[in-house]
Every structure is written in C-alpha cells, then in structure tokens.
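> Sharing start.pdb (PDB, C-alpha atoms, pLDDT in the B column) below.
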ATOM      1  CA  MET K1411      77.713  90.374 106.692  1.00 50.00           C
ATOM      2  CA  THR K1412      77.447  93.671 108.565  1.00 50.00           C
ATOM      3  CA  ILE K1413      74.482  95.892 109.351  1.00 52.00           C
ATOM      4  CA  ASP K1414      75.067  97.566 105.972  1.00 55.00           C
ATOM      5  CA  THR K1415      74.532  94.277 104.122  1.00 54.00           C
ATOM      6  CA  ILE K1416      71.535  93.006 106.104  1.00 67.00           C
ATOM      7  CA  ASP K1417      68.496  93.231 103.853  1.00 72.00           C
ATOM      8  CA  PHE K1418      65.636  93.706 106.315  1.00 78.00           C
ATOM      9  CA  THR K1419      63.054  93.795 103.526  1.00 81.00           C
ATOM     10  CA  ALA K1420      64.217  90.386 102.301  1.00 76.00           C
ATOM     11  CA  ILE K1421      64.148  88.983 105.843  1.00 81.00           C
ATOM     12  CA  ILE K1422      60.595  90.174 106.459  1.00 84.00           C
ATOM     13  CA  SER K1423      59.393  89.003 103.034  1.00 81.00           C
ATOM     14  CA  VAL K1424      60.888  85.524 103.311  1.00 77.00           C
ATOM     15  CA  ALA K1425      59.719  85.104 106.916  1.00 81.00           C
ATOM     16  CA  PHE K1426      56.158  86.236 106.207  1.00 81.00           C
ATOM     17  CA  LEU K1427      55.761  84.173 103.042  1.00 76.00           C
ATOM     18  CA  GLY K1428      57.423  81.228 104.736  1.00 71.00           C
ATOM     19  CA  SER K1429      55.047  81.478 107.692  1.00 72.00           C
ATOM     20  CA  LEU K1430      52.092  81.198 105.308  1.00 67.00           C
ATOM     21  CA  GLY K1431      53.630  78.175 103.627  1.00 59.00           C
ATOM     22  CA  HIS K1432      56.254  76.203 105.495  1.00 58.00           C
ATOM     23  CA  CYS K1433      55.424  77.272 109.077  1.00 62.00           C
ATOM     24  CA  ILE K1434      51.710  76.559 108.705  1.00 57.00           C
ATOM     25  CA  GLY K1435      52.597  73.065 107.548  1.00 55.00           C
ATOM     26  CA  MET K1436      55.289  72.448 110.173  1.00 58.00           C
ATOM     27  CA  CYS K1437      53.684  74.159 113.190  1.00 64.00           C
ATOM     28  CA  GLY K1438      50.015  74.140 112.202  1.00 61.00           C
ATOM     29  CA  GLY K1439      49.291  70.797 113.851  1.00 61.00           C
ATOM     30  CA  PHE K1440      51.275  71.901 116.905  1.00 67.00           C
ATOM     31  CA  ILE K1441      49.185  75.068 117.267  1.00 71.00           C
ATOM     32  CA  VAL K1442      45.871  73.296 116.682  1.00 66.00           C
ATOM     33  CA  ALA K1443      46.889  70.669 119.274  1.00 68.00           C
ATOM     34  CA  TYR K1444      47.714  73.135 122.050  1.00 73.00           C
ATOM     35  CA  SER K1445      44.694  75.303 121.181  1.00 71.00           C
ATOM     36  CA  SER K1446      42.392  72.299 121.554  1.00 70.00           C
ATOM     37  CA  ALA K1447      44.017  71.005 124.742  1.00 74.00           C
ATOM     38  CA  LYS K1448      44.888  74.206 126.598  1.00 80.00           C
ATOM     39  CA  ILE K1449      42.311  76.823 125.604  1.00 77.00           C
ATOM     40  CA  ASP K1450      38.839  76.247 127.051  1.00 75.00           C
ATOM     41  CA  SER K1451      35.694  77.600 125.466  1.00 71.00           C
ATOM     42  CA  SER K1452      35.156  79.434 128.760  1.00 78.00           C
ATOM     43  CA  PHE K1453      38.260  81.544 128.116  1.00 80.00           C
ATOM     44  CA  SER K1454      37.469  85.153 127.263  1.00 85.00           C
ATOM     45  CA  LYS K1455      38.672  86.514 123.934  1.00 80.00           C
ATOM     46  CA  THR K1456      41.244  88.581 125.845  1.00 88.00           C
ATOM     47  CA  ARG K1457      42.637  85.541 127.643  1.00 87.00           C
ATOM     48  CA  GLN K1458      42.756  83.578 124.407  1.00 83.00           C
ATOM     49  CA  PHE K1459      44.640  86.411 122.724  1.00 86.00           C
ATOM     50  CA  PHE K1460      47.227  86.695 125.491  1.00 89.00           C
ATOM     51  CA  SER K1461      47.615  82.911 125.613  1.00 87.00           C
ATOM     52  CA  HIS K1462      48.486  82.841 121.910  1.00 86.00           C
ATOM     53  CA  LEU K1463      50.669  85.918 122.377  1.00 90.00           C
ATOM     54  CA  ALA K1464      52.599  84.210 125.199  1.00 92.00           C
ATOM     55  CA  TYR K1465      53.190  81.202 122.944  1.00 90.00           C
ATOM     56  CA  ASN K1466      54.526  83.406 120.143  1.00 91.00           C
ATOM     57  CA  LEU K1467      56.705  85.446 122.524  1.00 94.00           C
ATOM     58  CA  GLY K1468      58.220  82.159 123.684  1.00 95.00           C
ATOM     59  CA  ARG K1469      59.036  81.262 120.080  1.00 93.00           C
ATOM     60  CA  ILE K1470      60.622  84.642 119.436  1.00 95.00           C
ATOM     61  CA  PHE K1471      62.691  84.417 122.645  1.00 97.00           C
ATOM     62  CA  SER K1472      64.122  81.078 121.494  1.00 96.00           C
ATOM     63  CA  TYR K1473      64.840  82.498 118.045  1.00 95.00           C
ATOM     64  CA  VAL K1474      66.711  85.472 119.542  1.00 96.00           C
ATOM     65  CA  ILE K1475      68.850  83.152 121.686  1.00 97.00           C
ATOM     66  CA  LEU K1476      69.666  81.061 118.601  1.00 95.00           C
ATOM     67  CA  GLY K1477      70.447  84.220 116.617  1.00 95.00           C
ATOM     68  CA  MET K1478      72.827  85.480 119.286  1.00 96.00           C
ATOM     69  CA  LEU K1479      74.592  82.093 119.470  1.00 95.00           C
ATOM     70  CA  PHE K1480      74.966  81.852 115.702  1.00 91.00           C
ATOM     71  CA  GLY K1481      76.030  85.494 115.517  1.00 91.00           C
ATOM     72  CA  PHE K1482      78.734  84.743 118.070  1.00 92.00           C
ATOM     73  CA  VAL K1483      79.913  81.748 116.045  1.00 88.00           C
ATOM     74  CA  GLY K1484      80.041  83.957 112.970  1.00 82.00           C
ATOM     75  CA  SER K1485      82.132  86.551 114.798  1.00 84.00           C
ATOM     76  CA  VAL K1486      84.603  83.906 115.982  1.00 82.00           C
ATOM     77  CA  ILE K1487      85.276  82.288 112.617  1.00 73.00           C
ATOM     78  CA  SER K1488      85.529  85.530 110.610  1.00 56.00           C
ATOM     79  CA  PHE K1489      89.239  86.091 111.194  1.00 51.00           C
ATOM     80  CA  SER K1490      90.323  87.629 107.901  1.00 62.00           C
ATOM     81  CA  SER K1491      88.886  89.055 104.716  1.00 65.00           C
ATOM     82  CA  ALA K1492      89.670  85.771 102.931  1.00 72.00           C
ATOM     83  CA  SER K1493      87.969  83.620 105.580  1.00 69.00           C
ATOM     84  CA  THR K1494      85.034  86.045 105.557  1.00 67.00           C
ATOM     85  CA  GLY K1495      84.735  85.609 101.792  1.00 76.00           C
ATOM     86  CA  TYR K1496      84.786  81.830 102.058  1.00 78.00           C
ATOM     87  CA  PHE K1497      82.253  82.004 104.889  1.00 71.00           C
ATOM     88  CA  TYR K1498      79.874  84.213 102.903  1.00 72.00           C
ATOM     89  CA  PHE K1499      80.178  81.917  99.895  1.00 82.00           C
ATOM     90  CA  ALA K1500      79.459  78.815 102.016  1.00 79.00           C
ATOM     91  CA  VAL K1501      76.526  80.512 103.754  1.00 72.00           C
ATOM     92  CA  GLY K1502      75.034  81.531 100.424  1.00 77.00           C
ATOM     93  CA  LEU K1503      75.408  78.015  99.052  1.00 82.00           C
ATOM     94  CA  LEU K1504      73.723  76.606 102.170  1.00 76.00           C
ATOM     95  CA  MET K1505      70.818  79.035 101.676  1.00 73.00           C
ATOM     96  CA  VAL K1506      70.410  77.908  98.067  1.00 81.00           C
ATOM     97  CA  LEU K1507      70.322  74.268  99.194  1.00 79.00           C
ATOM     98  CA  MET K1508      67.688  75.156 101.807  1.00 71.00           C
ATOM     99  CA  GLY K1509      65.579  76.918  99.211  1.00 74.00           C
ATOM    100  CA  LEU K1510      65.777  73.926  96.860  1.00 80.00           C
ATOM    101  CA  SER K1511      64.889  71.642  99.768  1.00 73.00           C
ATOM    102  CA  LEU K1512      61.789  73.699 100.594  1.00 67.00           C
ATOM    103  CA  LEU K1513      60.782  73.335  96.947  1.00 73.00           C
ATOM    104  CA  GLY K1514      61.108  69.566  97.299  1.00 70.00           C
ATOM    105  CA  LYS K1515      63.908  69.360  94.742  1.00 70.00           C
ATOM    106  CA  ILE K1516      66.359  67.790  97.198  1.00 68.00           C
ATOM    107  CA  ARG K1517      66.045  66.046 100.589  1.00 63.00           C
ATOM    108  CA  PHE K1518      68.328  68.414 102.483  1.00 58.00           C
ATOM    109  CA  LEU K1519      66.178  69.427 105.472  1.00 55.00           C
ATOM    110  CA  THR K1520      64.002  66.356 106.042  1.00 55.00           C
ATOM    111  CA  SER K1521      66.326  64.484 108.384  1.00 55.00           C
ATOM    112  CA  LEU K1522      67.275  67.650 110.263  1.00 53.00           C
ATOM    113  CA  GLU K1523      63.663  68.638 110.912  1.00 53.00           C
ATOM    114  CA  SER K1524      62.634  65.210 112.194  1.00 55.00           C
ATOM    115  CA  SER K1525      65.619  64.507 114.472  1.00 54.00           C
ATOM    116  CA  LEU K1526      64.663  66.441 117.620  1.00 54.00           C
ATOM    117  CA  ALA K1527      60.908  66.285 117.050  1.00 56.00           C
ATOM    118  CA  THR K1528      60.959  62.535 117.835  1.00 61.00           C
ATOM    119  CA  ASN K1529      63.252  62.879 120.876  1.00 64.00           C
ATOM    120  CA  THR K1530      61.861  61.240 124.064  1.00 74.00           C
ATOM    121  CA  PHE K1531      62.785  64.199 126.302  1.00 73.00           C
ATOM    122  CA  VAL K1532      61.056  66.649 123.958  1.00 71.00           C
ATOM    123  CA  LYS K1533      57.921  64.490 123.914  1.00 74.00           C
ATOM    124  CA  ARG K1534      57.821  64.337 127.741  1.00 80.00           C
ATOM    125  CA  LEU K1535      58.352  68.078 128.096  1.00 82.00           C
ATOM    126  CA  PHE K1536      55.610  68.750 125.542  1.00 76.00           C
ATOM    127  CA  SER K1537      53.242  66.447 127.445  1.00 79.00           C
ATOM    128  CA  LEU K1538      53.954  68.309 130.697  1.00 83.00           C
ATOM    129  CA  LEU K1539      53.396  71.746 129.175  1.00 85.00           C
ATOM    130  CA  ILE K1540      50.285  70.769 127.208  1.00 80.00           C
ATOM    131  CA  ARG K1541      48.451  69.765 130.412  1.00 82.00           C
ATOM    132  CA  SER K1542      48.898  73.147 132.089  1.00 87.00           C
ATOM    133  CA  LYS K1543      46.751  76.170 131.247  1.00 85.00           C
ATOM    134  CA  SER K1544      48.892  78.872 132.824  1.00 88.00           C
ATOM    135  CA  PHE K1545      50.353  81.707 130.775  1.00 88.00           C
ATOM    136  CA  GLY K1546      53.793  80.390 131.730  1.00 92.00           C
ATOM    137  CA  SER K1547      53.025  77.058 130.083  1.00 91.00           C
ATOM    138  CA  PHE K1548      52.086  78.824 126.829  1.00 91.00           C
ATOM    139  CA  LEU K1549      55.379  80.730 126.995  1.00 94.00           C
ATOM    140  CA  GLY K1550      57.296  77.504 127.680  1.00 93.00           C
ATOM    141  CA  LEU K1551      55.540  75.695 124.859  1.00 89.00           C
ATOM    142  CA  GLY K1552      56.491  78.472 122.463  1.00 90.00           C
ATOM    143  CA  MET K1553      60.119  78.316 123.625  1.00 93.00           C
ATOM    144  CA  LEU K1554      60.129  74.547 123.082  1.00 88.00           C
ATOM    145  CA  ASN K1555      58.684  74.949 119.601  1.00 83.00           C
ATOM    146  CA  GLY K1556      61.253  77.656 118.832  1.00 87.00           C
ATOM    147  CA  PHE K1557      64.149  75.270 119.482  1.00 85.00           C
ATOM    148  CA  LEU K1558      62.699  72.416 117.424  1.00 76.00           C
ATOM    149  CA  PRO K1559      64.293  71.833 113.997  1.00 67.00           C
ATOM    150  CA  CYS K1560      62.708  73.830 111.185  1.00 71.00           C
ATOM    151  CA  GLY K1561      63.947  74.661 107.697  1.00 65.00           C
ATOM    152  CA  LEU K1562      63.197  78.378 107.934  1.00 74.00           C
ATOM    153  CA  VAL K1563      64.794  78.614 111.382  1.00 81.00           C
ATOM    154  CA  TYR K1564      67.939  77.039 109.935  1.00 75.00           C
ATOM    155  CA  PHE K1565      67.912  79.534 107.077  1.00 74.00           C
ATOM    156  CA  PHE K1566      67.678  82.570 109.353  1.00 83.00           C
ATOM    157  CA  ALA K1567      70.147  81.107 111.865  1.00 85.00           C
ATOM    158  CA  VAL K1568      72.657  80.901 109.020  1.00 78.00           C
ATOM    159  CA  SER K1569      71.775  84.494 108.116  1.00 80.00           C
ATOM    160  CA  ALA K1570      72.368  85.448 111.761  1.00 87.00           C
ATOM    161  CA  SER K1571      75.802  83.800 111.738  1.00 84.00           C
ATOM    162  CA  ALA K1572      76.675  85.744 108.598  1.00 78.00           C
ATOM    163  CA  THR K1573      76.234  89.029 110.508  1.00 84.00           C
ATOM    164  CA  GLY K1574      79.296  88.151 112.603  1.00 83.00           C
ATOM    165  CA  SER K1575      77.634  89.902 115.538  1.00 89.00           C
ATOM    166  CA  VAL K1576      75.838  88.659 118.661  1.00 93.00           C
ATOM    167  CA  PHE K1577      73.570  91.707 118.672  1.00 94.00           C
ATOM    168  CA  TRP K1578      72.665  91.744 114.973  1.00 92.00           C
ATOM    169  CA  GLY K1579      72.319  87.965 114.943  1.00 92.00           C
ATOM    170  CA  GLY K1580      69.664  88.345 117.634  1.00 94.00           C
ATOM    171  CA  VAL K1581      68.016  91.176 115.684  1.00 93.00           C
ATOM    172  CA  VAL K1582      67.796  89.062 112.508  1.00 92.00           C
ATOM    173  CA  MET K1583      66.075  86.245 114.398  1.00 94.00           C
ATOM    174  CA  ALA K1584      63.786  88.656 116.261  1.00 95.00           C
ATOM    175  CA  ILE K1585      62.611  90.134 112.951  1.00 93.00           C
ATOM    176  CA  PHE K1586      62.104  86.630 111.596  1.00 92.00           C
ATOM    177  CA  GLY K1587      60.003  85.655 114.626  1.00 92.00           C
ATOM    178  CA  LEU K1588      57.916  88.827 114.559  1.00 94.00           C
ATOM    179  CA  SER K1589      57.247  88.389 110.838  1.00 90.00           C
ATOM    180  CA  THR K1590      55.772  84.923 111.443  1.00 87.00           C
ATOM    181  CA  VAL K1591      53.403  86.072 114.213  1.00 87.00           C
ATOM    182  CA  PRO K1592      50.478  87.306 112.025  1.00 85.00           C
ATOM    183  CA  ALA K1593      50.016  83.973 110.241  1.00 78.00           C
ATOM    184  CA  LEU K1594      50.506  81.766 113.305  1.00 78.00           C
ATOM    185  CA  MET K1595      48.407  84.010 115.578  1.00 79.00           C
ATOM    186  CA  GLY K1596      45.592  83.955 113.037  1.00 73.00           C
ATOM    187  CA  LEU K1597      45.794  80.241 112.339  1.00 68.00           C
ATOM    188  CA  GLY K1598      42.966  79.362 114.694  1.00 52.00           C
ATOM    189  CA  PHE K1599      40.584  81.706 112.858  1.00 50.00           C
ATOM    190  CA  VAL K1600      41.369  80.716 109.270  1.00 50.00           C
ATOM    191  CA  VAL K1601      42.717  77.177 109.584  1.00 45.00           C
ATOM    192  CA  GLY K1602      41.103  75.845 106.428  1.00 42.00           C
ATOM    193  CA  PHE K1603      42.336  78.623 104.150  1.00 46.00           C
ATOM    194  CA  LEU K1604      45.909  78.781 105.390  1.00 48.00           C
ATOM    195  CA  ARG K1605      46.358  75.016 105.416  1.00 47.00           C
ATOM    196  CA  SER K1606      44.863  74.433 101.972  1.00 50.00           C
ATOM    197  CA  GLY K1607      47.337  72.649  99.731  1.00 54.00           C
ATOM    198  CA  GLY K1608      47.197  75.090  96.830  1.00 62.00           C
ATOM    199  CA  PHE K1609      47.728  78.216  98.930  1.00 57.00           C
ATOM    200  CA  ARG K1610      50.572  76.676 100.941  1.00 58.00           C
ATOM    201  CA  GLU K1611      52.281  75.472  97.778  1.00 68.00           C
ATOM    202  CA  VAL K1612      52.287  78.970  96.258  1.00 68.00           C
ATOM    203  CA  MET K1613      53.624  80.555  99.472  1.00 60.00           C
ATOM    204  CA  ILE K1614      56.365  77.930  99.856  1.00 66.00           C
ATOM    205  CA  LYS K1615      57.464  78.462  96.251  1.00 73.00           C
ATOM    206  CA  MET K1616      57.599  82.228  96.728  1.00 69.00           C
ATOM    207  CA  ALA K1617      59.562  81.936  99.981  1.00 65.00           C
ATOM    208  CA  SER K1618      61.928  79.384  98.411  1.00 73.00           C
ATOM    209  CA  PHE K1619      62.542  81.711  95.455  1.00 77.00           C
ATOM    210  CA  PHE K1620      63.510  84.560  97.799  1.00 73.00           C
ATOM    211  CA  ILE K1621      65.762  82.246  99.840  1.00 71.00           C
ATOM    212  CA  ILE K1622      67.580  81.009  96.726  1.00 79.00           C
ATOM    213  CA  CYS K1623      68.020  84.556  95.371  1.00 80.00           C
ATOM    214  CA  TYR K1624      69.238  85.787  98.758  1.00 72.00           C
ATOM    215  CA  GLY K1625      71.663  82.844  98.935  1.00 77.00           C
ATOM    216  CA  ILE K1626      73.057  83.683  95.503  1.00 84.00           C
ATOM    217  CA  TYR K1627      73.478  87.300  96.612  1.00 77.00           C
ATOM    218  CA  ILE K1628      75.368  86.299  99.782  1.00 74.00           C
ATOM    219  CA  SER K1629      77.613  83.952  97.759  1.00 82.00           C
ATOM    220  CA  TYR K1630      78.274  86.836  95.367  1.00 83.00           C
ATOM    221  CA  LEU K1631      79.381  89.012  98.316  1.00 76.00           C
ATOM    222  CA  GLY K1632      81.748  86.217  99.322  1.00 78.00           C
ATOM    223  CA  TYR K1633      83.116  85.986  95.788  1.00 83.00           C
ATOM    224  CA  ILE K1634      83.708  89.744  95.667  1.00 83.00           C
ATOM    225  CA  ALA K1635      85.533  89.583  99.013  1.00 74.00           C
ATOM    226  CA  LEU K1636      87.781  86.805  97.714  1.00 80.00           C
ATOM    227  CA  ILE K1637      88.841  88.494  94.464  1.00 80.00           C
ATOM    228  CA  ARG K1638      89.640  91.847  96.041  1.00 71.00           C
TER     229      ARG K1638
END
Written as structure tokens, how would this file's structure read?


Amino acid sequence: MTIDTIDFTAIISVAFLGSLGHCIGMCGGFIVAYSSAKIDSSFSKTRQFFSHLAYNLGRIFSYVILGMLFGFVGSVISFSSASTGYFYFAVGLLMVLMGLSLLGKIRFLTSLESSLATNTFVKRLFSLLIRSKSFGSFLGLGMLNGFLPCGLVYFFAVSASATGSVFWGGVVMAIFGLSTVPALMGLGFVVGFLRSGGFREVMIKMASFFIICYGIYISYLGYIALIR
C-alpha cells in the first residue's frame, strides 16, 4: 500500500465509529477510573480539559510509534511485486477476520486483547500512574493505554504495515488516534449515552462493516498484484 492507495476517509470513518462502539467498551472503564481517581472536583474546567488532552496525546504518541514500527516491518518484507501481492492479500484477510471478530462471529481478538491487560508489570505501572495528579502522569497513562492490546489498534497497525513506509505508517496511526479523541474526550460528559448497549452495538456493527469491506478491498489489491 502506498500513499496513493491509503483511503483516509475510510480510516477516519472506521476509527470514529469504532471509538463510539469498541473503544467506549474497551477503554470506557479505564477513562472513568482515572477520571474518578485523578481529577478532583476542585480542578478548574481548563485543568480538567488539559488533563484529558494529555491522556489522549499519550495514546496518540503510542499509536504513532506502533505505526512507524509496523510500517518499517512492512517495508522490510515487501521485497518484490509478488511478495507485495501476497502481503496485501494476507493483510486484507486479517482485516476481515478482525471485522468478524468485532461482530462477535468468531473469537479472534479475545485472547489478544486480554493478554497484556492482565500482566503484573502493567498493573503495577497503572497503579503508580493512577496515584499521581500531574500532567505527566496523564500523558504516561495515555501512553500505557495506547500500547495495551485492542482490536481496533491491531486493525490500524496492520493497515500501517501495509503502507510499507515508516512515515506513512505513523501517519495512519496518528489519524486513527485523532479520530478517536472526540468520543473518548467527551466520555465523561455523556457516559450513559455512549455506553448504552444499543448505541454501542450499532456503532460496532458499522465499524465492523467498514473494516470487512476495507479488508476485501486490500485483498483485491493483492490479487491484482499477483495476476499482473
């Protein structure tokens, strides 16, 4: 995948819809927990805003690092047009599996998402960061959250690897992170609505549909590369 084949509209759409569905479910408790423990009622609205902003900037920073790493991996393994075709096809298939997993049709992401979240080191680091109320601790907490397993992060990391570029891999993940900010920044103000089962279910289905369609498209690009 090159810059010409990166569909920024699809990335933004999937990320935003996914943030209203999957991310609210996965990270909602995390955000409510740090908001309750780290943000005092004495905090001004401005300080609360910048605290949440620091958390989200930390997430985005982690996503960009992951995107650059996966983009590098993609650049290393794309040696020929044939290998590129096979890679595209495999990436597309993986995206379809992720979309089906988000729909609950298969158990593809469950074990991946729970592996690091229960790690002892992660729990200790979270405990250390949750006790501090500095802006740096909000940034660190966001970075920690950004590296934790998540189905949508996996999807966009795979998309980043398909760019075959360190720079564009980072860009893909930056756009993904920025597209999730509105929902996660606003979570504290509309918790009940965004976490309601019916609303989340609709958003997850929409995001999953886009992921599956995008995966089929990427596999098609791989197929075209192989038959040329």

> Just checking: using only C-alpha atoms, which residue out of K:Leu1513, K:Leu1549, K:Leu1562, K:Ala1572 ends up closest to K:Phe1586?

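Closest to K:Phe1586 of all the choices is K:Leu1562.
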
> Name the residues captured by the PyMOL selection byres ((chain K and resi 1463-1471) around 7) when it is applied to the shown file; answer as a list in words.

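Taken on the displayed file, the PyMOL selection byres ((chain K and resi 1463-1471) around 7) yields the residues Phe1459, Phe1460, Ser1461, His1462, Ser1472, Tyr1473, Val1474, Ile1475, Phe1545, Phe1548, Leu1549, Gly1550, Leu1551, Gly1552, Met1553, Asn1555, Gly1556, Ala1584, Gly1587, Leu1588 and Val1591 of chain K.
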
> Create the file for the chosen residues now, containing C-alpha atoms and written as a PDB file, keeping the file's coordinate frame.


ATOM      1  CA  PHE K1459      44.640  86.411 122.724  1.00 86.00           C
ATOM      2  CA  PHE K1460      47.227  86.695 125.491  1.00 89.00           C
ATOM      3  CA  SER K1461      47.615  82.911 125.613  1.00 87.00           C
ATOM      4  CA  HIS K1462      48.486  82.841 121.910  1.00 86.00           C
ATOM      5  CA  SER K1472      64.122  81.078 121.494  1.00 96.00           C
ATOM      6  CA  TYR K1473      64.840  82.498 118.045  1.00 95.00           C
ATOM      7  CA  VAL K1474      66.711  85.472 119.542  1.00 96.00           C
ATOM      8  CA  ILE K1475      68.850  83.152 121.686  1.00 97.00           C
ATOM      9  CA  PHE K1545      50.353  81.707 130.775  1.00 88.00           C
ATOM     10  CA  PHE K1548      52.086  78.824 126.829  1.00 91.00           C
ATOM     11  CA  LEU K1549      55.379  80.730 126.995  1.00 94.00           C
ATOM     12  CA  GLY K1550      57.296  77.504 127.680  1.00 93.00           C
ATOM     13  CA  LEU K1551      55.540  75.695 124.859  1.00 89.00           C
ATOM     14  CA  GLY K1552      56.491  78.472 122.463  1.00 90.00           C
ATOM     15  CA  MET K1553      60.119  78.316 123.625  1.00 93.00           C
ATOM     16  CA  ASN K1555      58.684  74.949 119.601  1.00 83.00           C
ATOM     17  CA  GLY K1556      61.253  77.656 118.832  1.00 87.00           C
ATOM     18  CA  ALA K1584      63.786  88.656 116.261  1.00 95.00           C
ATOM     19  CA  GLY K1587      60.003  85.655 114.626  1.00 92.00           C
ATOM     20  CA  LEU K1588      57.916  88.827 114.559  1.00 94.00           C
ATOM     21  CA  VAL K1591      53.403  86.072 114.213  1.00 87.00           C
TER      22      VAL K1591
END

> Which of these, K:Gly1428, K:Val1486, K:Asp1417, K:Ile1585, has the shortest distance to K:Cys1560 once you count only C-alpha atoms?

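Selected residue with least distance to K:Cys1560: K:Gly1428.
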
> Would you mind reading off the distance between atom CA of K:Phe1480 and atom CA of K:Ala1420, one decimal, in Å?

19.2 Å

> Starting from the shown file, work through the PyMOL selection byres ((chain K and resi 1481) around 9) and note down what comes out as a list in words.

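Checking the PyMOL selection byres ((chain K and resi 1481) around 9) against this file, the residues are Leu1476, Gly1477, Met1478, Leu1479, Phe1480, Phe1482, Val1483, Gly1484, Ser1485, Val1486, Ala1567, Val1568, Ser1569, Ala1570, Ser1571, Ala1572, Thr1573, Gly1574, Ser1575, Val1576, Phe1577, Trp1578, Gly1579 and Gly1580 of chain K.
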
> Looking at K:Lys1615, K:Leu1539, K:Ile1637, K:Ser1589, which one is nearest to K:Ile1421, with distances taken over only C-alpha atoms?

K:Ser1589

> Mind giving me the straight-line distance from atom CA of K:Gly1495 to atom CA of K:Ala1635 in Å, one decimal?

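Atom CA of K:Ala1635 lies 4.9 Å from atom CA of K:Gly1495.
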
> Anything within 8 Å of (74.4, 78.4, 99.5): list those residues as a ChimeraX atom specification, counting all atoms listed in the file and sticking to the file's coordinates.

/K:1499-1508,1622,1625-1626,1628-1629

> Measure the distance from atom CA of K:Lys1515 to atom CA of K:Ile1621 in Å and round it to one decimal.

14.0 Å
